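Undergrad: Below: one structure in C-alpha cells.
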Amino acid sequence: MPKRLGVLTSGGDAQGMNAAIRATVRAALDQGAEVFGIYEGYQGMIDGGKYIRQVEWAATGGILQRGGTILGTARSAEFRTREGRLKAVRNLLQHGIDRLVVIGGDGSLTGANLLRQEWKELCQELVAAGEIEQALADAHPYLTIAGLVGSIDNDMFGTDMTIGADSALHRITDAIDAITSTAASHQRAFVVEVMGRNCGYLALMSALASGADWVLIPENPPDLDDWETKMCDILREGRKNGRRDSIVVVAEGAQDRRGNPITCDQVKQVLETKLDEDVRVTVLGHVQRGGAPSAYDRVLSTLVGAAAANIALGAGENDESVLVGIHHNKITVLPLMECVDKTHELNAAMRGLDFLKAMELRGKNFQESFRTLRTLIRSMPHPPVPGKERIRFAVLNAGGPAPGMNAAVRLAVDKGHIPVGVYRGMRGLITDNLQEMEWMSVSGWAPTGGSELGTSRKVPSGGDLYAIAKTLEKHGIDAILMVGGWAGYQSMLRLYQERANFPAFNIPLICVPASINNNLPGSELSIGADTALNSIVEVVDKIKQSAVASNRCCIVEVMGRYCGYLALMSSIATGAERVYLHEEGVTLKDLQRDIDMLKEGFEHGKRLGLMIRNENANQLYTTPFLSALFEEEGGSLFDVRISVLGHLQQGGDPTPYDRILATRLASKAIDFIEAHYHKGETDESAASIGLLSGDVQFTSLYEIPRLMDEKTQRPKEQWWMGLRPIAKMLAQPGPGFHNLQPRIPNL
Ligand code: ADP
C-alpha cells in the first residue's frame, strides 16, 4: 500500500503557503505516495469527514500565485486538549495517514510534535475504546512530522526566512513609499505600525529599505531613558537640512528598556508636542498578509515544500520531528523542538529585558542591519571622525541599469567621506564628467529604480586609460567604487591590470555587483536580480490569466544574456512547464518531446501552456521559431503567443531585498576603501564584494578572471543550477493528468 501523507496549514495565514502546498503535494505524488489535504487546520483534523480529502496533482494547479491558503487555516482550542487530539488521531488512521507536513507558526509546530509524541498512546486508547481495530494501530506504529514555518513575522529560529516574510516586506515597503510621497508633499510626520509582536524583523528591514528616519523594535529598544528627545532632535535636524518627510516605523511589539509598550499614539503625541508638527498614524494591519506572494516566497515555499514531503515520506520510527528551513540559500533540516525552544528562549529574553541576548539570538545579519540603520538615520552626513582622513572617492554605475544601484550610491555618500559622482559610467571618467555630491541630493534615492548617475557599457581601452588617469589625478581621487555589471567588472579589471603603466590606478578599486542577470563572479546574488524576477513574475501572472481563457501556449522570453538565472527562477516562481536555458542547450529532441507533452495535455483538458525561454538559450531555435513550430504542430488544439518581456525587466522600483542588499554591500565597500586607503598598490586593494554562503565577502580582482567564463559572460560556477531537478519534477504533467479535474474549491 502506498504511503499516505497529510498536509495542513495552521495558525495565521501567510503568502506562499499555497506554493508550499503545491510543492508538498507534487513531490509526494512524484514519490508514489497518496496525499490528503487537511482543511481548516487542526480543527479539520478533529472534525474529519469532508475536511480530509485526497488531493491529486492537478488540484494544485493555478494556486502558486495566490495569497492565503487553499486548505484554509484556523486556530483550534480543541486540539490543545487530549480529547481533541484523540479525535484527530482517529481521523488520520481512518484515512491511513501517518505522515504529516504542517505549515504554520511555532504554536502549530509544537502541536504537531505533541501529536507525534502521543501517537502510540492515543492509538492504544482508541483500540481500548473499540473505535479502531488493533491491526489498524499496528499498521501505523508512528507518526512522522516535517514542519514548515508559515509566518509573515520571520520570528522563528531555524530558518533565515519564514514563508510570507518577504511578501509582507513588499506590502510594507510599498505602503511606506506611498506614505513618503504624501508626507513629503505636506511636510508631515508619519508614524507607521507594522506587524511583529515578538519580532522586529519587518519593522527593521522595511525602515532600512524605505529610508525611514527612526525605528522602534522589541529586541533592541532605544538605549536612553529620554529616547523621545533624541528621536525628535534627529527629526528636527533632518527638517533643517531640507528633508520633507519624517517617517517613524513602530513594530507592533515595540517596548522601552523597562518593558513598557511603546504605541503609535504615544509616538504621535511626542512628535506633536516636541516638534509641533502635523503627525498622522497609519496602522498597516492585515494588508501585510494579503496579496500575491513575492517571487522569493514562491521559490522558498516550493523548495522547502518539496523537501518536507520527501523527508516526511522517508522518515522512520526513531526520526524526530524536523523543521525544514533555509540557510544561505540552502535547505536545512533541524530538530523541530530545538527550533521551537530557541524561539521561546529569545521571546523570554525580550520579556526578561535581556536585550543583548535577544539581539545575539537574532543573528549576525539582523545585528548588522540594525547598525546600518543607526548610521543611516542620522540626519546629517557622518561628521568626520577626528584623526580619520576623509577620502575622496569616485562612485559610478556601469553596465546595464539595475534597480537598487541608486540605493547603493546613496549609502556610499552617507558615510562621512567626500563622494565624487561620475556620470554615465566609465565614459564620465574618460570625458571628465564628474562632480562632488551633496549629502542631501541623494536623500530620496533609495526607493528609485534606474541609475540617477547614468550608466554605460563602455569598457575603456587604448587612449581611454590615459584619459581616465588624467581625470583621477585632476580630481585627486583616492579610490573608485563601481556599482554595476559585467562591463563595470571588465573596466575595473582593466584599470587593475594597467596599474604598472598608470600610477593613478594605484588606489583602492572596489566592484559592487549590480545586474539583473545575476551573472557576476564573486557573489551568489547581485543587486537588481530580485526586482527583475518580481517584474517577470508579475507580468507572467497576467499573461497566464489572459491565456487560460483560450487554450493557449505562451512562450515568454526573459533577459539574462547567456545566464539562465532569471529564466530558471521565474520558471519555478510561475510554475512554467518548460524552461529553455543556454547552460543546457536546446535540441530538436527536446522540442519534439515538448510538443508531444503540450498536445497530449491540451487533448486532455489542459487550458494553458507556459514555456520560459532565456533570450540566448539557442541561437537558431529562437522564440519566433519555437512559436511557429508549436503553432503548426498544435493544429487546432491550441494557439501560441509570444511575450518578449524586454526592458521592463531592468526598470521598476527596487524590491526591499535589493535595497537592503545594496545598502549592505555598499556599506562594506566603504569599509574596504577605508581599510585599503594608502595601500593602493597592493593586490588586496582591488576587489569585488559579494554574498558568498550568505556572508559579505571580498574576492581579489586578481582572482576574478579565473572565476568568469569570458565567452558566455557568466561565472563558471552557478549555484542555482542545483535547483534544476526540482523545477523539472514540478513541471511534469503529473501522474493524474489524463483526467484533469477542476481545482478542489475551498470549503
Ligand atoms: P501559530 O501556529 O501561527 O503560532 P497558534 O499559536 O495560534 O499559531 O497555533 C495554531 C494552532 O496550533 C492552535 O490553535 C492550536 O490548535 C495548535 N497549538 C498551538 N500550540 C499548541 C500546543 N502547545 N499544543 C497543542 N496544540 C497547539
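Note on naming: chains are A, B, ... as they come in the C-alpha cells, residues start from 1 per chain, ligands start from 1 in the order shown.
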Please provide the set of residues having any atom within 12 Å of region 375-377 of chain A, restricted to only C-alpha atoms, with same-chain residues fewer than 6 positions apart removed, written as a PDB file with C-alpha atoms, in the first residue's frame.
TA:
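Okay, out-v6.pdb is ready:
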ATOM      1  CA  LEU A 204      13.755  46.977  10.849  1.00  0.00           C
ATOM      2  CA  ALA A 207      12.799  51.015   7.666  1.00  0.00           C
ATOM      3  CA  LEU A 208      16.110  50.132   6.063  1.00  0.00           C
ATOM      4  CA  ALA A 209      14.504  49.609   2.656  1.00  0.00           C
ATOM      5  CA  SER A 210      12.371  52.745   2.696  1.00  0.00           C
ATOM      6  CA  GLY A 211      14.838  55.176   4.249  1.00  0.00           C
ATOM      7  CA  ALA A 212      12.680  55.809   7.341  1.00  0.00           C
ATOM      8  CA  ASP A 213      14.004  58.145   9.996  1.00  0.00           C
ATOM      9  CA  TRP A 214      13.512  56.158  13.179  1.00  0.00           C
ATOM     10  CA  VAL A 215      12.507  52.624  14.104  1.00  0.00           C
ATOM     11  CA  LYS A 230      16.873  62.078  20.839  1.00  0.00           C
ATOM     12  CA  MET A 231      14.328  60.973  18.224  1.00  0.00           C
ATOM     13  CA  CYS A 232      12.892  64.485  17.950  1.00  0.00           C
ATOM     14  CA  ASP A 233      16.368  66.057  17.719  1.00  0.00           C
ATOM     15  CA  ILE A 234      17.160  63.833  14.763  1.00  0.00           C
ATOM     16  CA  LEU A 235      13.886  64.545  13.008  1.00  0.00           C
ATOM     17  CA  GLU A 237      17.810  68.248  12.282  1.00  0.00           C
ATOM     18  CA  GLY A 238      16.576  66.421   9.172  1.00  0.00           C
ATOM     19  CA  ARG A 243      14.204  66.637   4.433  1.00  0.00           C
ATOM     20  CA  SER A 246       9.645  62.205   8.583  1.00  0.00           C
ATOM     21  CA  ILE A 247       8.723  58.555   8.986  1.00  0.00           C
ATOM     22  CA  VAL A 248       8.861  56.561  12.215  1.00  0.00           C
ATOM     23  CA  VAL A 249       8.300  52.793  11.910  1.00  0.00           C
ATOM     24  CA  GLU A 368      24.368  44.263  11.122  1.00  0.00           C
ATOM     25  CA  SER A 369      21.149  45.644   9.632  1.00  0.00           C
ATOM     26  CA  PRO A 383      30.766  64.045  10.734  1.00  0.00           C
ATOM     27  CA  ALA A 407      20.334  52.772  -3.036  1.00  0.00           C
ATOM     28  CA  ARG A 410      23.080  56.829  -1.607  1.00  0.00           C
ATOM     29  CA  LEU A 411      24.550  54.707   1.170  1.00  0.00           C
ATOM     30  CA  ALA A 412      28.100  55.335  -0.014  1.00  0.00           C
ATOM     31  CA  VAL A 413      27.533  59.086   0.010  1.00  0.00           C
ATOM     32  CA  ASP A 414      26.294  58.864   3.577  1.00  0.00           C
ATOM     33  CA  LYS A 415      29.459  57.538   5.182  1.00  0.00           C
ATOM     34  CA  GLY A 416      31.299  60.731   6.033  1.00  0.00           C
ATOM     35  CA  TRP A 439      24.574  64.595   1.003  1.00  0.00           C
ATOM     36  CA  SER A 443      18.256  61.566   0.242  1.00  0.00           C
ATOM     37  CA  ALA A 446      16.888  54.557  -2.049  1.00  0.00           C
ATOM     38  CA  THR A 663      22.801  49.066   1.450  1.00  0.00           C
ATOM     39  CA  ARG A 664      24.640  46.140   2.988  1.00  0.00           C
ATOM     40  CA  SER A 667      28.386  49.946   3.440  1.00  0.00           C
TER      41      SER A 667
END
Undergrad: Counting only C-alpha atoms and all ligand atoms, name the residues that have an atom within 8 Å of an atom of ligand 1; the answer should be given as an NGL selection string.
TA: :A and (10-13 or 41-43 or 74-81 or 104-112 or 114-115 or 150-151)
Undergrad: Next, the residues of the selection above should be written as a CSV table (one decimal), in the first residue's frame with N, CA and C atoms.
TA:
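Now in result_24.csv:
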chain,number,residue,atom,x,y,z
A,10,SER,N,-1.9,25.9,9.3
A,10,SER,CA,-2.5,26.2,10.7
A,10,SER,C,-2.0,27.5,11.2
A,11,GLY,N,-2.7,28.1,12.1
A,11,GLY,CA,-2.3,29.4,12.7
A,11,GLY,C,-2.6,30.6,11.7
A,12,GLY,N,-1.8,31.6,11.8
A,12,GLY,CA,-2.0,32.8,10.9
A,12,GLY,C,-1.6,32.4,9.4
A,13,ASP,N,-2.4,33.0,8.5
A,13,ASP,CA,-2.0,32.6,7.1
A,13,ASP,C,-0.8,33.5,6.6
A,41,GLY,N,-7.0,23.6,9.2
A,41,GLY,CA,-6.0,23.3,10.2
A,41,GLY,C,-6.4,22.2,11.1
A,42,TYR,N,-6.0,22.3,12.4
A,42,TYR,CA,-6.2,21.1,13.3
A,42,TYR,C,-7.7,20.9,13.5
A,43,GLN,N,-8.5,21.9,13.4
A,43,GLN,CA,-10.0,21.7,13.6
A,43,GLN,C,-10.5,20.8,12.6
A,74,ALA,N,-7.0,27.7,10.6
A,74,ALA,CA,-7.8,28.0,11.8
A,74,ALA,C,-7.0,27.9,13.0
A,75,ARG,N,-7.5,28.4,14.1
A,75,ARG,CA,-6.9,28.2,15.4
A,75,ARG,C,-7.9,27.2,16.1
A,76,SER,N,-7.4,26.2,16.7
A,76,SER,CA,-8.3,25.2,17.3
A,76,SER,C,-8.0,25.0,18.8
A,77,ALA,N,-8.9,25.5,19.6
A,77,ALA,CA,-8.7,25.3,21.1
A,77,ALA,C,-8.8,23.8,21.4
A,78,GLU,N,-9.7,23.1,20.7
A,78,GLU,CA,-9.9,21.7,21.0
A,78,GLU,C,-8.7,20.9,20.8
A,79,PHE,N,-7.8,21.3,19.8
A,79,PHE,CA,-6.6,20.5,19.6
A,79,PHE,C,-5.6,20.6,20.7
A,80,ARG,N,-5.8,21.6,21.5
A,80,ARG,CA,-4.9,21.8,22.7
A,80,ARG,C,-5.3,20.7,23.8
A,81,THR,N,-6.5,20.1,23.6
A,81,THR,CA,-6.9,19.1,24.6
A,81,THR,C,-6.6,17.7,24.1
A,104,GLY,N,2.9,26.2,9.5
A,104,GLY,CA,2.3,27.1,10.5
A,104,GLY,C,3.4,27.8,11.3
A,105,GLY,N,3.0,28.4,12.4
A,105,GLY,CA,3.9,29.1,13.3
A,105,GLY,C,4.4,28.2,14.4
A,106,ASP,N,5.1,28.7,15.4
A,106,ASP,CA,5.7,27.9,16.4
A,106,ASP,C,4.6,27.1,17.2
A,107,GLY,N,3.4,27.8,17.3
A,107,GLY,CA,2.3,27.1,18.0
A,107,GLY,C,1.9,25.8,17.3
A,108,SER,N,1.6,26.0,16.0
A,108,SER,CA,1.2,24.9,15.2
A,108,SER,C,2.2,23.7,15.2
A,109,LEU,N,3.5,24.1,15.1
A,109,LEU,CA,4.5,23.1,15.0
A,109,LEU,C,4.7,22.4,16.4
A,110,THR,N,4.5,23.1,17.5
A,110,THR,CA,4.5,22.5,18.8
A,110,THR,C,3.4,21.5,18.9
A,111,GLY,N,2.2,21.9,18.4
A,111,GLY,CA,1.1,21.0,18.4
A,111,GLY,C,1.3,19.7,17.7
A,112,ALA,N,2.0,19.9,16.5
A,112,ALA,CA,2.3,18.7,15.7
A,112,ALA,C,3.2,17.7,16.4
A,114,LEU,N,3.6,17.4,19.6
A,114,LEU,CA,2.9,16.8,20.7
A,114,LEU,C,2.1,15.5,20.2
A,115,LEU,N,1.5,15.7,19.0
A,115,LEU,CA,0.7,14.7,18.4
A,115,LEU,C,1.6,13.5,18.1
A,150,GLY,N,5.3,28.9,8.4
A,150,GLY,CA,4.5,29.9,7.7
A,150,GLY,C,4.2,31.0,8.6
A,151,SER,N,4.8,32.2,8.4
A,151,SER,CA,4.6,33.3,9.4
A,151,SER,C,5.2,34.5,8.7
Undergrad: Using only C-alpha atoms, which protein or nucleic acid residues come within 8 Å of region 598-612 of chain A? Drop anything in the same chain fewer than 4 positions from it, and give the result as a CSV table (one decimal) with N, CA, C and O atoms, in the first residue's frame.
TA:
chain,number,residue,atom,x,y,z
A,544,LYS,N,-0.8,34.6,-17.8
A,544,LYS,CA,-1.4,33.3,-17.5
A,544,LYS,C,-2.9,33.5,-17.4
A,544,LYS,O,-3.7,32.7,-18.0
A,547,ALA,N,-4.3,33.9,-20.9
A,547,ALA,CA,-4.2,32.7,-21.8
A,547,ALA,C,-5.1,31.6,-21.4
A,547,ALA,O,-5.6,30.9,-22.3
A,548,VAL,N,-5.5,31.5,-20.1
A,548,VAL,CA,-6.3,30.4,-19.7
A,548,VAL,C,-7.7,30.4,-20.3
A,548,VAL,O,-8.4,29.4,-20.5
A,549,ALA,N,-8.1,31.6,-20.8
A,549,ALA,CA,-9.4,31.8,-21.4
A,549,ALA,C,-9.5,31.1,-22.8
A,549,ALA,O,-10.6,30.9,-23.3
A,550,SER,N,-8.3,30.9,-23.4
A,550,SER,CA,-8.5,30.4,-24.8
A,550,SER,C,-7.5,29.4,-25.2
A,550,SER,O,-6.9,29.5,-26.3
A,551,ASN,N,-7.3,28.3,-24.4
A,551,ASN,CA,-6.4,27.2,-24.8
A,551,ASN,C,-5.1,27.7,-25.5
A,551,ASN,O,-5.0,27.6,-26.7
A,552,ARG,N,-4.2,28.2,-24.7
A,552,ARG,CA,-3.1,28.9,-25.4
A,552,ARG,C,-1.8,28.4,-24.7
A,552,ARG,O,-1.7,28.2,-23.5
A,553,CYS,N,-0.8,28.4,-25.6
A,553,CYS,CA,0.6,28.2,-25.1
A,553,CYS,C,1.3,29.5,-25.2
A,553,CYS,O,1.4,30.1,-26.3
A,554,CYS,N,1.9,29.9,-24.1
A,554,CYS,CA,2.6,31.2,-24.1
A,554,CYS,C,4.1,30.9,-24.0
A,554,CYS,O,4.5,30.1,-23.1
A,555,ILE,N,4.8,31.5,-24.8
A,555,ILE,CA,6.3,31.5,-24.7
A,555,ILE,C,6.8,32.8,-24.3
A,555,ILE,O,6.6,33.8,-24.9
A,556,VAL,N,7.4,32.8,-23.1
A,556,VAL,CA,7.8,34.1,-22.5
A,556,VAL,C,9.3,34.1,-22.6
A,556,VAL,O,10.0,33.2,-22.1
A,557,GLU,N,9.9,35.2,-23.2
A,557,GLU,CA,11.3,35.3,-23.3
A,557,GLU,C,11.8,36.3,-22.3
A,557,GLU,O,11.3,37.4,-22.2
A,558,VAL,N,12.8,35.9,-21.5
A,558,VAL,CA,13.3,36.7,-20.4
A,558,VAL,C,14.8,37.0,-20.7
A,558,VAL,O,15.4,36.3,-21.4
A,567,ALA,N,15.6,33.0,-16.0
A,567,ALA,CA,14.7,32.1,-16.6
A,567,ALA,C,14.4,30.9,-15.7
A,567,ALA,O,13.2,30.6,-15.5
A,570,SER,N,12.3,32.2,-12.5
A,570,SER,CA,11.0,32.6,-12.9
A,570,SER,C,10.2,31.4,-13.3
A,570,SER,O,8.9,31.4,-13.0
A,571,SER,N,10.8,30.4,-13.8
A,571,SER,CA,10.0,29.2,-14.1
A,571,SER,C,9.5,28.5,-12.9
A,571,SER,O,8.4,28.0,-12.8
A,575,GLY,N,5.6,28.5,-12.2
A,575,GLY,CA,5.0,27.1,-12.5
A,575,GLY,C,5.1,26.8,-14.0
A,575,GLY,O,4.2,26.1,-14.5
A,576,ALA,N,6.1,27.3,-14.7
A,576,ALA,CA,6.2,27.1,-16.1
A,576,ALA,C,6.4,25.6,-16.4
A,576,ALA,O,7.1,24.9,-15.6
A,577,GLU,N,5.9,25.1,-17.5
A,577,GLU,CA,6.2,23.7,-17.8
A,577,GLU,C,7.6,23.4,-18.3
A,577,GLU,O,8.1,22.3,-18.2
A,578,ARG,N,8.1,24.4,-18.9
A,578,ARG,CA,9.4,24.2,-19.6
A,578,ARG,C,10.2,25.4,-19.5
A,578,ARG,O,9.7,26.5,-19.6
A,579,VAL,N,11.5,25.2,-19.3
A,579,VAL,CA,12.4,26.4,-19.3
A,579,VAL,C,13.6,26.1,-20.2
A,579,VAL,O,14.1,25.0,-20.1
A,580,TYR,N,13.9,27.0,-21.1
A,580,TYR,CA,15.0,26.8,-22.1
A,580,TYR,C,16.2,27.6,-21.6
A,580,TYR,O,16.1,28.8,-21.6
A,594,ASP,N,8.5,18.3,-26.1
A,594,ASP,CA,7.6,19.4,-25.6
A,594,ASP,C,6.3,19.5,-26.3
A,594,ASP,O,5.3,19.7,-25.8
A,634,GLY,N,0.6,22.2,-33.1
A,634,GLY,CA,-0.5,22.2,-32.2
A,634,GLY,C,-1.9,22.1,-33.0
A,634,GLY,O,-2.9,21.8,-32.4
A,637,LEU,N,-5.6,22.4,-31.6
A,637,LEU,CA,-5.7,22.1,-30.2
A,637,LEU,C,-5.4,23.3,-29.3
A,637,LEU,O,-6.0,23.5,-28.3
A,638,PHE,N,-4.4,24.1,-29.8
A,638,PHE,CA,-4.1,25.3,-29.0
A,638,PHE,C,-3.4,26.3,-29.9
A,638,PHE,O,-2.9,25.9,-31.0
A,733,PRO,N,3.7,16.9,-16.2
A,733,PRO,CA,2.3,17.0,-16.3
A,733,PRO,C,1.6,16.3,-15.1
A,733,PRO,O,0.5,16.6,-14.7
A,737,PHE,N,-2.7,13.4,-15.0
A,737,PHE,CA,-3.1,14.4,-15.9
A,737,PHE,C,-4.0,14.0,-17.1
A,737,PHE,O,-4.5,14.7,-17.8
A,738,HIS,N,-4.2,12.7,-17.2
A,738,HIS,CA,-5.1,12.2,-18.2
A,738,HIS,C,-6.5,12.5,-17.8
A,738,HIS,O,-7.4,12.5,-18.7
A,739,ASN,N,-6.8,12.7,-16.6
A,739,ASN,CA,-8.2,13.1,-16.2
A,739,ASN,C,-8.1,14.3,-15.4
A,739,ASN,O,-8.4,14.3,-14.2
A,740,LEU,N,-7.7,15.4,-16.0
A,740,LEU,CA,-7.7,16.7,-15.3
A,740,LEU,C,-9.0,17.1,-14.8
A,740,LEU,O,-10.0,16.9,-15.4
Undergrad: Would you pick out the contacts of Gly164 (chain A) at 10 Å or less, using only C-alpha atoms, so that residues sharing its chain but fewer than 5 positions from it are not included, and give the list as a list of chain:residue names?
TA: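 Returned residues: A:Asp13, A:Ala14, A:Gln15, A:Gly16, A:Met17, A:Gly67, A:Gly68, A:Val149, A:Gly150, A:Ser151, A:Ile152, A:Asp153, A:Asn154, A:Leu169, A:His170, A:Gln288, A:Arg289, A:Gly290, A:Ala292, A:Pro293, A:Ser294, A:Tyr296, A:Asp297, A:Arg298, A:Leu300, A:Ser301.
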Undergrad: Could those residues be written to a file, using N, CA, C and O atoms, as a CSV table (one decimal), in the first residue's frame?
TA:
chain,number,residue,atom,x,y,z
A,13,ASP,N,-2.4,33.0,8.5
A,13,ASP,CA,-2.0,32.6,7.1
A,13,ASP,C,-0.8,33.5,6.6
A,13,ASP,O,-0.5,34.5,7.3
A,14,ALA,N,-0.2,33.1,5.6
A,14,ALA,CA,0.9,33.8,5.0
A,14,ALA,C,1.0,33.6,3.5
A,14,ALA,O,0.7,32.5,3.1
A,15,GLN,N,1.5,34.6,2.8
A,15,GLN,CA,1.6,34.4,1.4
A,15,GLN,C,2.7,33.4,1.1
A,15,GLN,O,3.8,33.5,1.7
A,16,GLY,N,2.4,32.5,0.2
A,16,GLY,CA,3.4,31.5,-0.1
A,16,GLY,C,3.0,30.1,0.4
A,16,GLY,O,3.6,29.1,0.0
A,17,MET,N,2.0,30.1,1.3
A,17,MET,CA,1.5,28.8,1.8
A,17,MET,C,1.0,27.9,0.6
A,17,MET,O,1.3,26.7,0.6
A,67,GLY,N,-2.4,34.4,-2.8
A,67,GLY,CA,-2.1,34.6,-1.4
A,67,GLY,C,-3.0,33.7,-0.6
A,67,GLY,O,-3.8,32.9,-1.1
A,68,GLY,N,-2.9,33.7,0.7
A,68,GLY,CA,-3.7,32.8,1.6
A,68,GLY,C,-3.4,31.4,1.5
A,68,GLY,O,-2.3,31.0,1.1
A,149,VAL,N,7.8,26.7,8.3
A,149,VAL,CA,7.3,27.9,9.1
A,149,VAL,C,6.6,28.9,8.2
A,149,VAL,O,7.2,29.5,7.3
A,150,GLY,N,5.3,28.9,8.4
A,150,GLY,CA,4.5,29.9,7.7
A,150,GLY,C,4.2,31.0,8.6
A,150,GLY,O,3.4,30.9,9.6
A,151,SER,N,4.8,32.2,8.4
A,151,SER,CA,4.6,33.3,9.4
A,151,SER,C,5.2,34.5,8.7
A,151,SER,O,6.4,34.5,8.3
A,152,ILE,N,4.4,35.6,8.6
A,152,ILE,CA,5.0,36.8,7.9
A,152,ILE,C,6.0,37.5,8.8
A,152,ILE,O,6.8,38.3,8.3
A,153,ASP,N,6.1,37.2,10.1
A,153,ASP,CA,6.9,37.9,11.0
A,153,ASP,C,8.4,37.6,11.0
A,153,ASP,O,9.2,38.3,11.5
A,154,ASN,N,8.7,36.5,10.3
A,154,ASN,CA,10.1,35.9,10.3
A,154,ASN,C,10.6,35.8,11.8
A,154,ASN,O,11.7,36.2,12.1
A,169,LEU,N,7.1,42.2,3.6
A,169,LEU,CA,8.0,43.3,3.4
A,169,LEU,C,7.7,44.1,2.1
A,169,LEU,O,7.8,45.3,2.1
A,170,HIS,N,7.3,43.4,1.1
A,170,HIS,CA,6.9,44.1,-0.1
A,170,HIS,C,5.7,45.0,0.2
A,170,HIS,O,5.7,46.2,-0.2
A,288,GLN,N,-0.7,43.5,5.2
A,288,GLN,CA,0.6,42.9,5.2
A,288,GLN,C,0.5,41.4,4.9
A,288,GLN,O,1.5,40.8,4.4
A,289,ARG,N,-0.6,40.8,5.3
A,289,ARG,CA,-0.7,39.3,5.0
A,289,ARG,C,-1.3,39.1,3.6
A,289,ARG,O,-1.3,37.9,3.1
A,290,GLY,N,-1.8,40.1,3.0
A,290,GLY,CA,-2.6,39.9,1.7
A,290,GLY,C,-1.8,39.9,0.5
A,290,GLY,O,-0.6,40.1,0.5
A,292,ALA,N,-0.6,38.7,-3.6
A,292,ALA,CA,0.1,37.6,-4.2
A,292,ALA,C,1.5,37.5,-3.5
A,292,ALA,O,2.1,38.5,-3.1
A,293,PRO,N,2.0,36.3,-3.4
A,293,PRO,CA,3.3,36.1,-2.8
A,293,PRO,C,4.4,36.7,-3.8
A,293,PRO,O,4.3,36.6,-5.0
A,294,SER,N,5.5,37.1,-3.2
A,294,SER,CA,6.6,37.6,-3.9
A,294,SER,C,7.3,36.5,-4.6
A,294,SER,O,7.1,35.3,-4.3
A,296,TYR,N,10.4,35.6,-4.3
A,296,TYR,CA,11.2,34.9,-3.3
A,296,TYR,C,10.3,33.9,-2.5
A,296,TYR,O,10.7,32.7,-2.3
A,297,ASP,N,9.2,34.3,-2.1
A,297,ASP,CA,8.3,33.5,-1.3
A,297,ASP,C,7.9,32.2,-2.1
A,297,ASP,O,7.7,31.1,-1.5
A,298,ARG,N,7.6,32.4,-3.4
A,298,ARG,CA,7.2,31.3,-4.2
A,298,ARG,C,8.3,30.3,-4.3
A,298,ARG,O,8.1,29.1,-4.2
A,300,LEU,N,11.1,30.0,-2.3
A,300,LEU,CA,11.3,29.4,-1.0
A,300,LEU,C,10.3,28.3,-0.6
A,300,LEU,O,10.7,27.2,-0.2
A,301,SER,N,9.0,28.7,-0.8
A,301,SER,CA,8.0,27.7,-0.4
A,301,SER,C,8.1,26.5,-1.2
A,301,SER,O,7.8,25.3,-0.7
Undergrad: Would you pick out the contacts of region 487-495 of chain A at 9 Å or less, using only C-alpha atoms, so that residues sharing its chain but fewer than 2 positions from it are not included, and give the list as a PyMOL selection string?
TA: chain A and resi 397-400+425-426+456-461+465+480+482-485+497-499+502+505-506+509-513+520+686+688+701-702+704-705
Undergrad: Go through A:Ala189, A:Ile527, A:Val409, A:Val540 and flag the residue nearest Asp276 (chain A), using only C-alpha atoms for the distances.
TA: A:Ala189
Undergrad: Which residues are near region 708-718 of chain A? Cut-off 12 Å, only C-alpha atoms, ignore same chain within fewer than 4 positions. Put them as an MDAnalysis selection string.
TA: chainID A and resid 485:487 489:490 493 515 517:525 560:565 568 582:583 616:617 692 701:704 722:724
Undergrad: For the atom pair CA of Ala469 (chain A) and CA of Ala394 (chain A), what is the interatomic distance in Å to one decimal place?
TA: 12.6 Å
Undergrad: Taking 2 positions as the minimum chain separation for residues in the same chain, which residues sit within 9 Å of Gln255 (chain A) when counting only C-alpha atoms? Answer as a list of chain:residue names.
TA: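 In the requested format, the answer is A:Leu216, A:Ile217, A:Pro218, A:Glu219, A:Asn220, A:Pro221, A:Pro222, A:Ala251, A:Gly253, A:Arg257, A:Arg258, A:Gly259, A:Asn260, A:Pro261, A:Ile262, A:Thr263.
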Undergrad: Tell me which of A:Ala514, A:Leu5, A:Leu591, A:Ile132 sits closest to Ala402 (chain A), counting only C-alpha atoms.
TA: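 Closest residue, counting only C-alpha atoms: A:Ala514.
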Undergrad: Restricting the calculation to only C-alpha atoms, which member of A:Thr531, A:Thr431, A:Asn365, A:Ser627 is positioned closest to Ala467 (chain A)?
TA: A:Thr431
Undergrad: Taking the DSSP secondary structure from the backbone, can you list the residues of region 459-526 of chain A that are strand (DSSP E or B), as a PyMOL selection string?
TA: chain A and resi 479-484+509-514
Undergrad: As JSON, numbers by chain, please: every residue in region 264-389 of chain A that a backbone DSSP assignment puts in helix (DSSP H, G or I).
TA: {"A": [264, 265, 266, 267, 268, 269, 270, 271, 272, 273, 274, 275, 285, 286, 287, 288, 289, 295, 296, 297, 298, 299, 300, 301, 302, 303, 304, 305, 306, 307, 308, 309, 310, 311, 312, 313, 314, 336, 337, 338, 339, 340, 341, 342, 343, 344, 345, 346, 347, 348, 349, 350, 351, 355, 356, 357, 358, 359, 360, 361, 362, 364, 365, 366, 367, 368, 369, 370, 371, 372, 373, 374, 375, 376]}
Undergrad: What does the distance between CA of Ile172 (chain A) and CA of Val194 (chain A) come to in Å, to one decimal place?
TA: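 About the pair CA of Ile172 (chain A) and CA of Val194 (chain A): they are 7.4 Å apart.
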